[in-house]
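J.: One structure, pasted below without further comment.
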Amino acid sequence: MLDCRLVVRREGFTLEAAFLVAAGETLVLAGESGAGKSTLLRALAGLYDPAAGHIAVDGVRWFDRAAGISLAPDRRSVGWVPQDLALFPHLPVLDNVAFGLRARGERGSRARARAREALARVGVADLAARRPGQLSGGQQQRVALARALAGEPRLLLLDEPLSALDLPTRRAVRGELRRLLAELPCTTVLVTHNAVEALLFGDRIAVLEGGRIAQEGNRDELLRRPRSGYVAEFMGVNLLRGQLRGHGGDGLAEVLTADGPVIVAAPANVEGEIFVAVSPREITLYREAPVGSARNLYRGPVLEMVPEPPFGERVRVVLGTHPRLVADVTREAAVELGLTEGDEVYASFKATGTVTYP
Amino acid sequence: MKPGLGTLGLRLLTGLCLGLLAVLLLLPVIALILRVPSGELFTRLGDPIVRQALVLSLEASLSATVIVILLGLPAAYLLATRDFPGKRVVEVLADLPMVLPPTVSGLALLLAFGRVGLLGHSLGLLGISLPFTTAAVVVAQAFMAAPFFLAPVRAGFAAVESRYREVAATLGASERYTFFHVLLPLSWRALVAGTAMSAARALGEFGATITFAGNLPGVTQTMPLAVYLELQNDLEAAVALSVLLLCVSFGLLLALRSARLGARFL
Amino acid sequence: MATARFFRARRRALAVVLALGTAPATVAAQHSPATIFAAASLTEAFRAIAAAYHNGHPFERVNFNFAGSQQLVLQLTEGAKGDLLATADPQWMREAQARGLIDGDPVPFVRNLLVVIVPRANRAGLHGLEDLARPGVKVVLGDQAVPVGRYSRELLDGLAARGGLGANYAKQVMANVVSLEDNVKGVVSKVELGEADAGIVYRSDAQGAAAPALGQIEIPDSLNIAALYPIALLKGGDNPDLARSFLAYILSPAGQEILERFGFERLPAGSGAASRPATKP
């Protein structure tokens, strides 16, 4: 279990974050590069001294500025996998994994046996005699994990674990890492700037923005109810906010936003200042103003068109409407509409495609 | 443009530079070797004075190198990994013997450790008097050779990614364990280079030695001193001794460079 | 005393030649400077002579190369260029002659007696020659290759034989030797610094710049060794005229007086003899 509050000074801003993660759970720290995520991780590892706060793992205080406690990294039960993995180039894989065990005083043979177990757990026991330089990216990643886990740490820290891998490897490793993390008894904190990974790995996700945690919650909450434009954008969701003005009878209501009124689906008990989340897939695009009952209609230029990986079957279309909207359409639809950047289009979404929440 | 001509021009320039360098460095050595009749070297080795000087040189420079390594490793480590007030000053001081004229260094050593030097009185109370002793030779050599060890080793340590040391710490390794099991293995080339250079410098040391330790056969007369004095009496003898010293130095450097310390690494 | 006559005749002849040579003194535009190779013990005296000479000859410049006599001869042998050579003993001058470096014949111009120096503080408490033989005293001498080193050994042998200090005197003092320096200034500096208890150097060195830091133990003249300093013109110098003129000045009363001021001794009138037998080096 991890209980921490950290105040970290970076160039230009101060980062403050606090979280509570249960044992066995994985917390994802998400956000853009430069937001301070890696620094938070280093603070947890003991490689960086926060300006204030405390860190307690399984009840043991690792850091407490007020009380003057700060354990050195080698006194913490932590496993840290940096972004570049940092496998020792001068040792074969087995000795790499056994390094921590032997450093803590374990006898060579026993350390090596435990190292073999760790390697087996990540599925690369056959690589024991190889050198790190001889391994592929994915293999190195697993060895680094095994090395961090060999000592059975109470806290596992992973810094952008998949960012160094190419796309096919990433997709292959992703699922396995998810399963592994789910099995581990220790608390895990994982850092990523990739929303998909955040959603995949995180039992809980904390999105960092502007020096603070913009929102923390499980994947469902973040996806369906982002509480800030940044989180929404990060999650790839359209977010509007405004005052709920009046309920219609049919479960619909009107919300007055800064860009005009929006008809949304809202349960009767929702009142006041609310968020409106619209999934990009709910947005339909037209060349000409549609006739009919499409309620929420906007007009604007196509700013950007991004085919979605891996094969571009769907296309993300960023519109310069007010408010800014992101639509997610099939490639066929985009072709049919003859969409190109700079075109003026109409975008609309049905009230039933919205999610509202306070 | 004309790429072909450019390459040719570059090659010519490189060849010219290398040629000049070869002349500067190799020609004096070759001239020295050519001057000695081959049997002469072994005859010289038979001379007790020569053997004395040679043995003294080897013993002293070996001791000096060991001292330099023992003191230099922690110093290089601290300079490479720590920041502290006055670090700049310490770095400059560590390089100083490299740029001071050897006789100036010898004089400085006298003024510090001589009988009437700064520490002289204290040393005297302990019954230690350094000047004119073989120990003084070792001290002078260590003093002059130290920067030649510190500079490459310091750079070697600093070149090892701090990430490795950080990971080692998170894995539970103490600083000492990390030093011996991560830092040293990853910088062994720098260590070998530093050892070779400082050993060679110690072997060839002259100015500081003659000023601080003096010149007495069997006690403080190292090979370079013997060559220098012989130079004035008997040029041929001096040349023979020089070639002898050259062979010893060359052998030493070759041995150190070839040393497959931990060849299993990399 | 054939040597004495030899030197005397040569000296007179040379003086005449030099006088004739410098009579039509032409002060043209800048001449090239003359380079003087001189034994280390002549450092201060020669510099003073050069300064005095410069007063009378403002357009002339003299450069010096001071080192142990043996080193000077080596440099010249290997091709160094100089106009005048002054060594601290006739042996090295003879060597230079044998190697074909000298133009004409050498001339003795001054002599230097030996003296024992001690640090001014004299912690070892040395007051007489016999103290040098005391066990534990640190003595520094010049190396065999250096003139002062050879003279020192001869002095010690002489003292053992005739000085009433015991037949083992020389051995005992040699046993106290801790360093054999490669030039006389090295001996001076070791004693000056207090690192050595005693050293044997020329009287001129004892009266030189280091004098305030030194004490002296006199050696009776009858037992002392007088080092004879010869000087000669070198072949292939840049400015032989200047060299001749400077040499004449050194030999002149003015030059000799300066030398005396620095602790050297004029040659006994009419003798110009070495007070020791010419032995093979």
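Going by the structure tokens order, chains are called A, B, ..., each with residues numbered from 1, while ligands are numbered from 1 in the order shown.
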Step one, run DSSP on the backbone; step two, keep only residues of range 87-263 of chain A assigned to helix (DSSP H, G or I); then write them as an mmCIF file with N, CA and C atoms, in the first residue's frame.
T.:
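Done, and the output landed in selection-v4.cif:
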data_model
loop_
_atom_site.group_PDB
_atom_site.id
_atom_site.type_symbol
_atom_site.label_atom_id
_atom_site.label_comp_id
_atom_site.auth_asym_id
_atom_site.auth_seq_id
_atom_site.Cartn_x
_atom_site.Cartn_y
_atom_site.Cartn_z
ATOM 1 N N VAL A 93 22.507 -11.665 -18.453
ATOM 2 C CA VAL A 93 21.134 -11.451 -17.980
ATOM 3 C C VAL A 93 20.917 -11.984 -16.572
ATOM 4 N N LEU A 94 21.388 -13.187 -16.314
ATOM 5 C CA LEU A 94 21.145 -13.792 -15.003
ATOM 6 C C LEU A 94 21.777 -12.955 -13.887
ATOM 7 N N ASP A 95 23.007 -12.500 -14.123
ATOM 8 C CA ASP A 95 23.676 -11.700 -13.097
ATOM 9 C C ASP A 95 23.029 -10.337 -12.946
ATOM 10 N N ASN A 96 22.471 -9.848 -14.030
ATOM 11 C CA ASN A 96 21.726 -8.590 -13.949
ATOM 12 C C ASN A 96 20.572 -8.739 -12.980
ATOM 13 N N VAL A 97 19.839 -9.811 -13.194
ATOM 14 C CA VAL A 97 18.649 -10.017 -12.366
ATOM 15 C C VAL A 97 19.043 -10.343 -10.933
ATOM 16 N N ALA A 98 20.139 -11.041 -10.771
ATOM 17 C CA ALA A 98 20.572 -11.424 -9.423
ATOM 18 C C ALA A 98 21.283 -10.287 -8.701
ATOM 19 N N PHE A 99 21.568 -9.202 -9.411
ATOM 20 C CA PHE A 99 22.400 -8.130 -8.855
ATOM 21 C C PHE A 99 21.903 -7.656 -7.490
ATOM 22 N N GLY A 100 20.631 -7.300 -7.442
ATOM 23 C CA GLY A 100 20.096 -6.741 -6.204
ATOM 24 C C GLY A 100 20.167 -7.739 -5.058
ATOM 25 N N LEU A 101 19.915 -9.009 -5.398
ATOM 26 C CA LEU A 101 19.927 -10.026 -4.355
ATOM 27 C C LEU A 101 21.320 -10.163 -3.775
ATOM 28 N N ARG A 102 22.317 -10.203 -4.657
ATOM 29 C CA ARG A 102 23.676 -10.384 -4.165
ATOM 30 C C ARG A 102 24.157 -9.129 -3.443
ATOM 31 N N ALA A 103 23.700 -7.966 -3.914
ATOM 32 C CA ALA A 103 24.102 -6.726 -3.243
ATOM 33 C C ALA A 103 23.572 -6.697 -1.825
ATOM 34 N N GLY A 108 25.683 -16.459 -3.669
ATOM 35 C CA GLY A 108 25.617 -16.542 -5.119
ATOM 36 C C GLY A 108 24.638 -17.557 -5.667
ATOM 37 N N SER A 109 24.699 -18.784 -5.176
ATOM 38 C CA SER A 109 23.875 -19.832 -5.782
ATOM 39 C C SER A 109 22.396 -19.565 -5.541
ATOM 40 N N ARG A 110 22.082 -19.156 -4.318
ATOM 41 C CA ARG A 110 20.674 -18.902 -4.022
ATOM 42 C C ARG A 110 20.160 -17.700 -4.799
ATOM 43 N N ALA A 111 21.002 -16.694 -4.896
ATOM 44 C CA ALA A 111 20.598 -15.503 -5.641
ATOM 45 C C ALA A 111 20.305 -15.877 -7.088
ATOM 46 N N ARG A 112 21.171 -16.669 -7.652
ATOM 47 C CA ARG A 112 20.977 -17.053 -9.049
ATOM 48 C C ARG A 112 19.722 -17.884 -9.234
ATOM 49 N N ALA A 113 19.436 -18.735 -8.242
ATOM 50 C CA ALA A 113 18.205 -19.538 -8.337
ATOM 51 C C ALA A 113 16.983 -18.631 -8.330
ATOM 52 N N ARG A 114 16.969 -17.688 -7.435
ATOM 53 C CA ARG A 114 15.835 -16.766 -7.364
ATOM 54 C C ARG A 114 15.754 -15.921 -8.631
ATOM 55 N N ALA A 115 16.896 -15.608 -9.178
ATOM 56 C CA ALA A 115 16.896 -14.834 -10.412
ATOM 57 C C ALA A 115 16.261 -15.628 -11.535
ATOM 58 N N ARG A 116 16.601 -16.899 -11.578
ATOM 59 C CA ARG A 116 15.991 -17.748 -12.614
ATOM 60 C C ARG A 116 14.479 -17.770 -12.483
ATOM 61 N N GLU A 117 14.017 -17.836 -11.252
ATOM 62 C CA GLU A 117 12.555 -17.827 -11.036
ATOM 63 C C GLU A 117 11.944 -16.542 -11.579
ATOM 64 N N ALA A 118 12.611 -15.425 -11.262
ATOM 65 C CA ALA A 118 12.083 -14.139 -11.724
ATOM 66 C C ALA A 118 12.035 -14.098 -13.244
ATOM 67 N N LEU A 119 13.086 -14.597 -13.873
ATOM 68 C CA LEU A 119 13.106 -14.619 -15.328
ATOM 69 C C LEU A 119 11.979 -15.485 -15.880
ATOM 70 N N ALA A 120 11.750 -16.603 -15.204
ATOM 71 C CA ALA A 120 10.678 -17.495 -15.660
ATOM 72 C C ALA A 120 9.330 -16.803 -15.553
ATOM 73 N N ARG A 121 9.184 -16.045 -14.501
ATOM 74 C CA ARG A 121 7.898 -15.381 -14.288
ATOM 75 C C ARG A 121 7.563 -14.420 -15.424
ATOM 76 N N ALA A 125 13.196 -17.162 -19.265
ATOM 77 C CA ALA A 125 14.191 -17.950 -18.539
ATOM 78 C C ALA A 125 15.306 -18.433 -19.452
ATOM 79 N N ASP A 126 15.026 -18.598 -20.729
ATOM 80 C CA ASP A 126 16.041 -19.139 -21.630
ATOM 81 C C ASP A 126 17.096 -18.111 -22.018
ATOM 82 N N LEU A 127 16.901 -16.880 -21.604
ATOM 83 C CA LEU A 127 17.860 -15.857 -21.997
ATOM 84 C C LEU A 127 18.957 -15.627 -20.944
ATOM 85 N N PRO A 132 22.848 -8.261 -22.341
ATOM 86 C CA PRO A 132 21.783 -7.308 -22.674
ATOM 87 C C PRO A 132 21.877 -6.796 -24.104
ATOM 88 N N GLY A 133 23.082 -6.614 -24.593
ATOM 89 C CA GLY A 133 23.232 -6.084 -25.943
ATOM 90 C C GLY A 133 22.715 -7.019 -27.016
ATOM 91 N N GLN A 134 22.574 -8.295 -26.657
ATOM 92 C CA GLN A 134 22.121 -9.273 -27.641
ATOM 93 C C GLN A 134 20.601 -9.434 -27.663
ATOM 94 N N GLY A 137 14.284 -5.381 -28.016
ATOM 95 C CA GLY A 137 13.694 -4.394 -27.115
ATOM 96 C C GLY A 137 12.734 -5.016 -26.125
ATOM 97 N N GLY A 138 11.881 -5.880 -26.648
ATOM 98 C CA GLY A 138 10.893 -6.503 -25.779
ATOM 99 C C GLY A 138 11.540 -7.411 -24.749
ATOM 100 N N GLN A 139 12.565 -8.134 -25.158
ATOM 101 C CA GLN A 139 13.260 -9.026 -24.230
ATOM 102 C C GLN A 139 13.952 -8.224 -23.137
ATOM 103 N N GLN A 140 14.588 -7.117 -23.540
ATOM 104 C CA GLN A 140 15.261 -6.289 -22.546
ATOM 105 C C GLN A 140 14.276 -5.781 -21.511
ATOM 106 N N GLN A 141 13.111 -5.421 -22.006
ATOM 107 C CA GLN A 141 12.073 -4.899 -21.128
ATOM 108 C C GLN A 141 11.703 -5.926 -20.076
ATOM 109 N N ARG A 142 11.561 -7.147 -20.523
ATOM 110 C CA ARG A 142 11.164 -8.194 -19.568
ATOM 111 C C ARG A 142 12.267 -8.472 -18.560
ATOM 112 N N VAL A 143 13.502 -8.458 -19.045
ATOM 113 C CA VAL A 143 14.614 -8.701 -18.127
ATOM 114 C C VAL A 143 14.674 -7.593 -17.076
ATOM 115 N N ALA A 144 14.472 -6.352 -17.543
ATOM 116 C CA ALA A 144 14.502 -5.236 -16.592
ATOM 117 C C ALA A 144 13.416 -5.399 -15.537
ATOM 118 N N LEU A 145 12.267 -5.859 -15.980
ATOM 119 C CA LEU A 145 11.171 -6.117 -15.040
ATOM 120 C C LEU A 145 11.552 -7.206 -14.038
ATOM 121 N N ALA A 146 12.112 -8.281 -14.590
ATOM 122 C CA ALA A 146 12.508 -9.396 -13.718
ATOM 123 C C ALA A 146 13.498 -8.912 -12.686
ATOM 124 N N ARG A 147 14.446 -8.069 -13.130
ATOM 125 C CA ARG A 147 15.458 -7.572 -12.209
ATOM 126 C C ARG A 147 14.822 -6.758 -11.085
ATOM 127 N N ALA A 148 13.837 -5.945 -11.479
ATOM 128 C CA ALA A 148 13.202 -5.110 -10.465
ATOM 129 C C ALA A 148 12.362 -5.950 -9.504
ATOM 130 N N LEU A 149 11.811 -7.054 -10.021
ATOM 131 C CA LEU A 149 10.911 -7.865 -9.197
ATOM 132 C C LEU A 149 11.623 -8.923 -8.382
ATOM 133 N N ALA A 150 12.885 -9.210 -8.740
ATOM 134 C CA ALA A 150 13.585 -10.329 -8.106
ATOM 135 C C ALA A 150 13.648 -10.168 -6.597
ATOM 136 N N LEU A 167 5.952 -0.457 -32.491
ATOM 137 C CA LEU A 167 4.508 -0.671 -32.336
ATOM 138 C C LEU A 167 4.084 -2.128 -32.200
ATOM 139 N N PRO A 168 4.518 -3.010 -33.093
ATOM 140 C CA PRO A 168 4.067 -4.397 -32.948
ATOM 141 C C PRO A 168 4.483 -5.011 -31.616
ATOM 142 N N THR A 169 5.737 -4.739 -31.197
ATOM 143 C CA THR A 169 6.204 -5.270 -29.924
ATOM 144 C C THR A 169 5.364 -4.705 -28.784
ATOM 145 N N ARG A 170 5.078 -3.407 -28.917
ATOM 146 C CA ARG A 170 4.324 -2.777 -27.861
ATOM 147 C C ARG A 170 2.988 -3.466 -27.664
ATOM 148 N N ARG A 171 2.329 -3.739 -28.773
ATOM 149 C CA ARG A 171 1.010 -4.362 -28.648
ATOM 150 C C ARG A 171 1.120 -5.757 -28.080
ATOM 151 N N ALA A 172 2.202 -6.452 -28.431
ATOM 152 C CA ALA A 172 2.363 -7.812 -27.920
ATOM 153 C C ALA A 172 2.646 -7.801 -26.428
ATOM 154 N N VAL A 173 3.500 -6.893 -26.001
ATOM 155 C CA VAL A 173 3.926 -6.884 -24.597
ATOM 156 C C VAL A 173 2.827 -6.339 -23.690
ATOM 157 N N ARG A 174 2.053 -5.458 -24.253
ATOM 158 C CA ARG A 174 1.033 -4.763 -23.470
ATOM 159 C C ARG A 174 0.155 -5.706 -22.659
ATOM 160 N N GLY A 175 -0.375 -6.667 -23.372
ATOM 161 C CA GLY A 175 -1.312 -7.576 -22.717
ATOM 162 C C GLY A 175 -0.630 -8.355 -21.602
ATOM 163 N N GLU A 176 0.599 -8.834 -21.891
ATOM 164 C CA GLU A 176 1.314 -9.617 -20.883
ATOM 165 C C GLU A 176 1.621 -8.794 -19.658
ATOM 166 N N LEU A 177 2.026 -7.547 -19.904
ATOM 167 C CA LEU A 177 2.354 -6.689 -18.773
ATOM 168 C C LEU A 177 1.118 -6.472 -17.921
ATOM 169 N N ARG A 178 -0.003 -6.297 -18.583
ATOM 170 C CA ARG A 178 -1.253 -6.124 -17.847
ATOM 171 C C ARG A 178 -1.523 -7.309 -16.945
ATOM 172 N N ARG A 179 -1.353 -8.512 -17.501
ATOM 173 C CA ARG A 179 -1.624 -9.713 -16.702
ATOM 174 C C ARG A 179 -0.654 -9.802 -15.536
ATOM 175 N N LEU A 180 0.609 -9.498 -15.835
ATOM 176 C CA LEU A 180 1.621 -9.583 -14.786
ATOM 177 C C LEU A 180 1.313 -8.625 -13.640
ATOM 178 N N LEU A 181 0.992 -7.376 -14.015
ATOM 179 C CA LEU A 181 0.704 -6.382 -12.989
ATOM 180 C C LEU A 181 -0.495 -6.784 -12.149
ATOM 181 N N ALA A 182 -1.436 -7.427 -12.810
ATOM 182 C CA ALA A 182 -2.625 -7.833 -12.058
ATOM 183 C C ALA A 182 -2.274 -8.892 -11.022
ATOM 184 N N GLU A 183 -1.260 -9.722 -11.337
ATOM 185 C CA GLU A 183 -0.897 -10.817 -10.418
ATOM 186 C C GLU A 183 -0.033 -10.347 -9.262
ATOM 187 N N ALA A 195 -2.582 7.596 -23.611
ATOM 188 C CA ALA A 195 -3.881 7.400 -22.967
ATOM 189 C C ALA A 195 -4.341 5.946 -23.011
ATOM 190 N N VAL A 196 -4.062 5.305 -24.108
ATOM 191 C CA VAL A 196 -4.508 3.912 -24.233
ATOM 192 C C VAL A 196 -3.850 3.048 -23.161
ATOM 193 N N GLU A 197 -2.536 3.255 -22.979
ATOM 194 C CA GLU A 197 -1.834 2.477 -21.954
ATOM 195 C C GLU A 197 -2.373 2.813 -20.571
ATOM 196 N N ALA A 198 -2.623 4.108 -20.372
ATOM 197 C CA ALA A 198 -3.151 4.514 -19.072
ATOM 198 C C ALA A 198 -4.440 3.763 -18.769
ATOM 199 N N LEU A 199 -5.285 3.714 -19.730
ATOM 200 C CA LEU A 199 -6.565 3.042 -19.519
ATOM 201 C C LEU A 199 -6.375 1.541 -19.337
ATOM 202 N N LEU A 200 -5.385 1.014 -20.022
ATOM 203 C CA LEU A 200 -5.177 -0.424 -19.977
ATOM 204 C C LEU A 200 -4.606 -0.884 -18.644
ATOM 205 N N PHE A 201 -3.590 -0.186 -18.160
ATOM 206 C CA PHE A 201 -2.872 -0.679 -16.985
ATOM 207 C C PHE A 201 -3.472 -0.213 -15.678
ATOM 208 N N ARG A 219 -10.769 3.951 -14.553
ATOM 209 C CA ARG A 219 -10.836 4.256 -15.982
ATOM 210 C C ARG A 219 -12.226 4.673 -16.402
ATOM 211 N N ASP A 220 -13.159 4.063 -15.788
ATOM 212 C CA ASP A 220 -14.534 4.389 -16.137
ATOM 213 C C ASP A 220 -14.839 5.857 -15.889
ATOM 214 N N GLU A 221 -14.495 6.295 -14.694
ATOM 215 C CA GLU A 221 -14.762 7.679 -14.331
ATOM 216 C C GLU A 221 -14.081 8.634 -15.287
ATOM 217 N N LEU A 222 -12.851 8.351 -15.585
ATOM 218 C CA LEU A 222 -12.118 9.288 -16.416
ATOM 219 C C LEU A 222 -12.638 9.316 -17.842
ATOM 220 N N LEU A 223 -13.003 8.167 -18.307
ATOM 221 C CA LEU A 223 -13.487 8.106 -19.674
ATOM 222 C C LEU A 223 -14.853 8.758 -19.825
ATOM 223 N N ARG A 224 -15.684 8.392 -18.882
ATOM 224 C CA ARG A 224 -17.060 8.847 -19.036
ATOM 225 C C ARG A 224 -17.291 10.203 -18.425
ATOM 226 N N GLY A 229 -11.036 19.980 -19.243
ATOM 227 C CA GLY A 229 -10.784 19.906 -20.673
ATOM 228 C C GLY A 229 -9.526 19.106 -20.966
ATOM 229 N N TYR A 230 -8.559 19.241 -20.120
ATOM 230 C CA TYR A 230 -7.305 18.557 -20.361
ATOM 231 C C TYR A 230 -7.472 17.050 -20.251
ATOM 232 N N VAL A 231 -8.155 16.651 -19.189
ATOM 233 C CA VAL A 231 -8.365 15.222 -19.003
ATOM 234 C C VAL A 231 -9.176 14.666 -20.164
ATOM 235 N N ALA A 232 -10.175 15.440 -20.519
ATOM 236 C CA ALA A 232 -11.030 14.992 -21.625
ATOM 237 C C ALA A 232 -10.201 14.831 -22.889
ATOM 238 N N GLU A 233 -9.375 15.813 -23.160
ATOM 239 C CA GLU A 233 -8.572 15.759 -24.363
ATOM 240 C C GLU A 233 -7.604 14.587 -24.290
ATOM 241 N N PHE A 234 -7.053 14.423 -23.124
ATOM 242 C CA PHE A 234 -6.128 13.318 -22.929
ATOM 243 C C PHE A 234 -6.834 11.993 -23.174
ATOM 244 N N MET A 235 -8.036 11.899 -22.664
ATOM 245 C CA MET A 235 -8.778 10.660 -22.832
ATOM 246 C C MET A 235 -9.395 10.570 -24.211
#
J.: List the spatial neighbours of range 90-102 of chain B as a compact mmCIF listing (two decimals) with C-alpha atoms, in the first residue's frame - criterion: any atom at most 6 Å away, only C-alpha atoms, same-chain residues fewer than 3 positions off excluded.
T.:
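Final output, saved to around23.txt:
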# COMPACT_ATOMS: atom_id res chain seq x y z
CA LYS B 87 35.42 21.55 -6.00
CA SER B 105 57.43 20.58 -7.97
CA MET B 144 54.20 13.97 -10.52
CA PRO B 147 47.38 13.77 -12.29
CA GLY B 207 63.35 16.89 -12.14
CA ALA B 208 61.32 16.58 -8.98
J.: Could the residues of chain A that have an atom at most 9 Å from chain B be listed as CSV, each with its closest atom pair and the distance in Å to one decimal, counting only C-alpha atoms and ordered by chain and ascending residue number?
T.:
residue,atom,partner,partner_atom,distance
A:Ala45,CA,B:Thr170,CA,6.7
A:Gly46,CA,B:Thr170,CA,7.8
A:Leu47,CA,B:Glu166,CA,7.0
A:Ala72,CA,B:Ala169,CA,8.1
A:Pro73,CA,B:Thr170,CA,4.9
A:Asp74,CA,B:Gly172,CA,3.9
A:Arg75,CA,B:Gly172,CA,6.5
A:Arg76,CA,B:Thr170,CA,7.3
A:Ser77,CA,B:Gly172,CA,7.9
A:Val78,CA,B:Thr170,CA,6.2
A:Gly79,CA,B:Thr170,CA,6.4
A:Trp80,CA,B:Thr170,CA,6.4
A:Val81,CA,B:Val167,CA,7.7
A:Pro82,CA,B:Val167,CA,7.9
A:Asp84,CA,B:Arg163,CA,8.8
A:Leu85,CA,B:Val167,CA,8.9
A:Ala86,CA,B:Tyr164,CA,5.9
A:Leu87,CA,B:Tyr164,CA,7.6
A:Phe88,CA,B:Tyr164,CA,6.9
A:Pro89,CA,B:Leu266,CA,7.4
A:His90,CA,B:Phe265,CA,5.0
A:Leu91,CA,B:Phe265,CA,7.3
A:Phe99,CA,B:Leu171,CA,7.4
A:Gly100,CA,B:Leu171,CA,4.5
A:Leu101,CA,B:Gly172,CA,7.8
A:Arg102,CA,B:Ala173,CA,8.5
A:Ala103,CA,B:Ala173,CA,4.9
A:Arg104,CA,B:Gly172,CA,6.0
A:Arg147,CA,B:Leu171,CA,8.2
A:Ala148,CA,B:Leu171,CA,7.0
A:Gly151,CA,B:Leu171,CA,7.6
J.: Keeping only N, CA and C atoms, write the selected residues as a short mmCIF file (atom, residue, chain, number, x, y, z; two decimals), in the first residue's frame.
T.:
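And here is the file that came out, out17.cif:
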data_model
loop_
_atom_site.label_atom_id
_atom_site.label_comp_id
_atom_site.auth_asym_id
_atom_site.auth_seq_id
_atom_site.Cartn_x
_atom_site.Cartn_y
_atom_site.Cartn_z
N ALA A 45 11.31 6.58 -5.49
CA ALA A 45 12.42 5.63 -5.45
C ALA A 45 13.51 6.07 -4.48
N GLY A 46 13.49 7.34 -4.12
CA GLY A 46 14.52 7.83 -3.21
C GLY A 46 15.67 8.49 -3.94
N LEU A 47 15.52 8.68 -5.26
CA LEU A 47 16.60 9.29 -6.02
C LEU A 47 16.48 10.80 -6.05
N ALA A 72 17.56 6.26 2.06
CA ALA A 72 18.28 6.17 0.79
C ALA A 72 17.66 5.06 -0.04
N PRO A 73 17.84 5.12 -1.35
CA PRO A 73 17.19 4.13 -2.20
C PRO A 73 17.52 2.69 -1.81
N ASP A 74 18.74 2.44 -1.40
CA ASP A 74 19.09 1.06 -1.12
C ASP A 74 18.47 0.56 0.18
N ARG A 75 17.84 1.48 0.91
CA ARG A 75 17.16 1.03 2.13
C ARG A 75 15.66 0.86 1.91
N ARG A 76 15.21 1.23 0.72
CA ARG A 76 13.78 1.09 0.43
C ARG A 76 13.52 -0.21 -0.31
N SER A 77 12.39 -0.78 -0.06
CA SER A 77 12.04 -2.01 -0.78
C SER A 77 11.33 -1.62 -2.06
N VAL A 78 12.11 -1.17 -3.02
CA VAL A 78 11.51 -0.61 -4.23
C VAL A 78 12.13 -1.25 -5.47
N GLY A 79 11.33 -1.37 -6.52
CA GLY A 79 11.86 -1.82 -7.80
C GLY A 79 11.60 -0.72 -8.81
N TRP A 80 12.66 -0.19 -9.40
CA TRP A 80 12.50 0.95 -10.29
C TRP A 80 13.01 0.58 -11.67
N VAL A 81 12.14 0.71 -12.67
CA VAL A 81 12.56 0.45 -14.05
C VAL A 81 12.55 1.77 -14.80
N PRO A 82 13.72 2.36 -15.06
CA PRO A 82 13.74 3.64 -15.75
C PRO A 82 13.38 3.48 -17.22
N ASP A 84 14.98 4.03 -19.94
CA ASP A 84 15.93 3.36 -20.82
C ASP A 84 16.41 2.02 -20.26
N LEU A 85 15.70 1.53 -19.27
CA LEU A 85 15.91 0.20 -18.71
C LEU A 85 17.22 0.05 -17.94
N ALA A 86 18.32 0.61 -18.44
CA ALA A 86 19.60 0.59 -17.73
C ALA A 86 20.02 -0.80 -17.28
N LEU A 87 19.94 -1.75 -18.16
CA LEU A 87 20.49 -3.08 -17.84
C LEU A 87 22.01 -2.97 -17.83
N PHE A 88 22.67 -3.60 -16.86
CA PHE A 88 24.12 -3.49 -16.76
C PHE A 88 24.77 -4.18 -17.95
N PRO A 89 25.47 -3.43 -18.76
CA PRO A 89 26.02 -4.01 -19.98
C PRO A 89 27.14 -5.02 -19.73
N HIS A 90 27.75 -4.94 -18.56
CA HIS A 90 28.91 -5.79 -18.34
C HIS A 90 28.53 -7.13 -17.69
N LEU A 91 27.25 -7.37 -17.47
CA LEU A 91 26.83 -8.61 -16.82
C LEU A 91 25.84 -9.36 -17.72
N PHE A 99 21.57 -9.20 -9.41
CA PHE A 99 22.40 -8.13 -8.85
C PHE A 99 21.90 -7.66 -7.49
N GLY A 100 20.63 -7.30 -7.44
CA GLY A 100 20.10 -6.74 -6.20
C GLY A 100 20.17 -7.74 -5.06
N LEU A 101 19.91 -9.01 -5.40
CA LEU A 101 19.93 -10.03 -4.36
C LEU A 101 21.32 -10.16 -3.78
N ARG A 102 22.32 -10.20 -4.66
CA ARG A 102 23.68 -10.38 -4.17
C ARG A 102 24.16 -9.13 -3.44
N ALA A 103 23.70 -7.97 -3.91
CA ALA A 103 24.10 -6.73 -3.24
C ALA A 103 23.57 -6.70 -1.83
N ARG A 104 22.43 -7.35 -1.63
CA ARG A 104 21.85 -7.37 -0.28
C ARG A 104 22.41 -8.49 0.56
N ARG A 147 14.45 -8.07 -13.13
CA ARG A 147 15.46 -7.57 -12.21
C ARG A 147 14.82 -6.76 -11.09
N ALA A 148 13.84 -5.95 -11.48
CA ALA A 148 13.20 -5.11 -10.46
C ALA A 148 12.36 -5.95 -9.50
N GLY A 151 13.78 -8.94 -6.16
CA GLY A 151 13.93 -8.72 -4.73
C GLY A 151 12.59 -8.60 -4.01
#
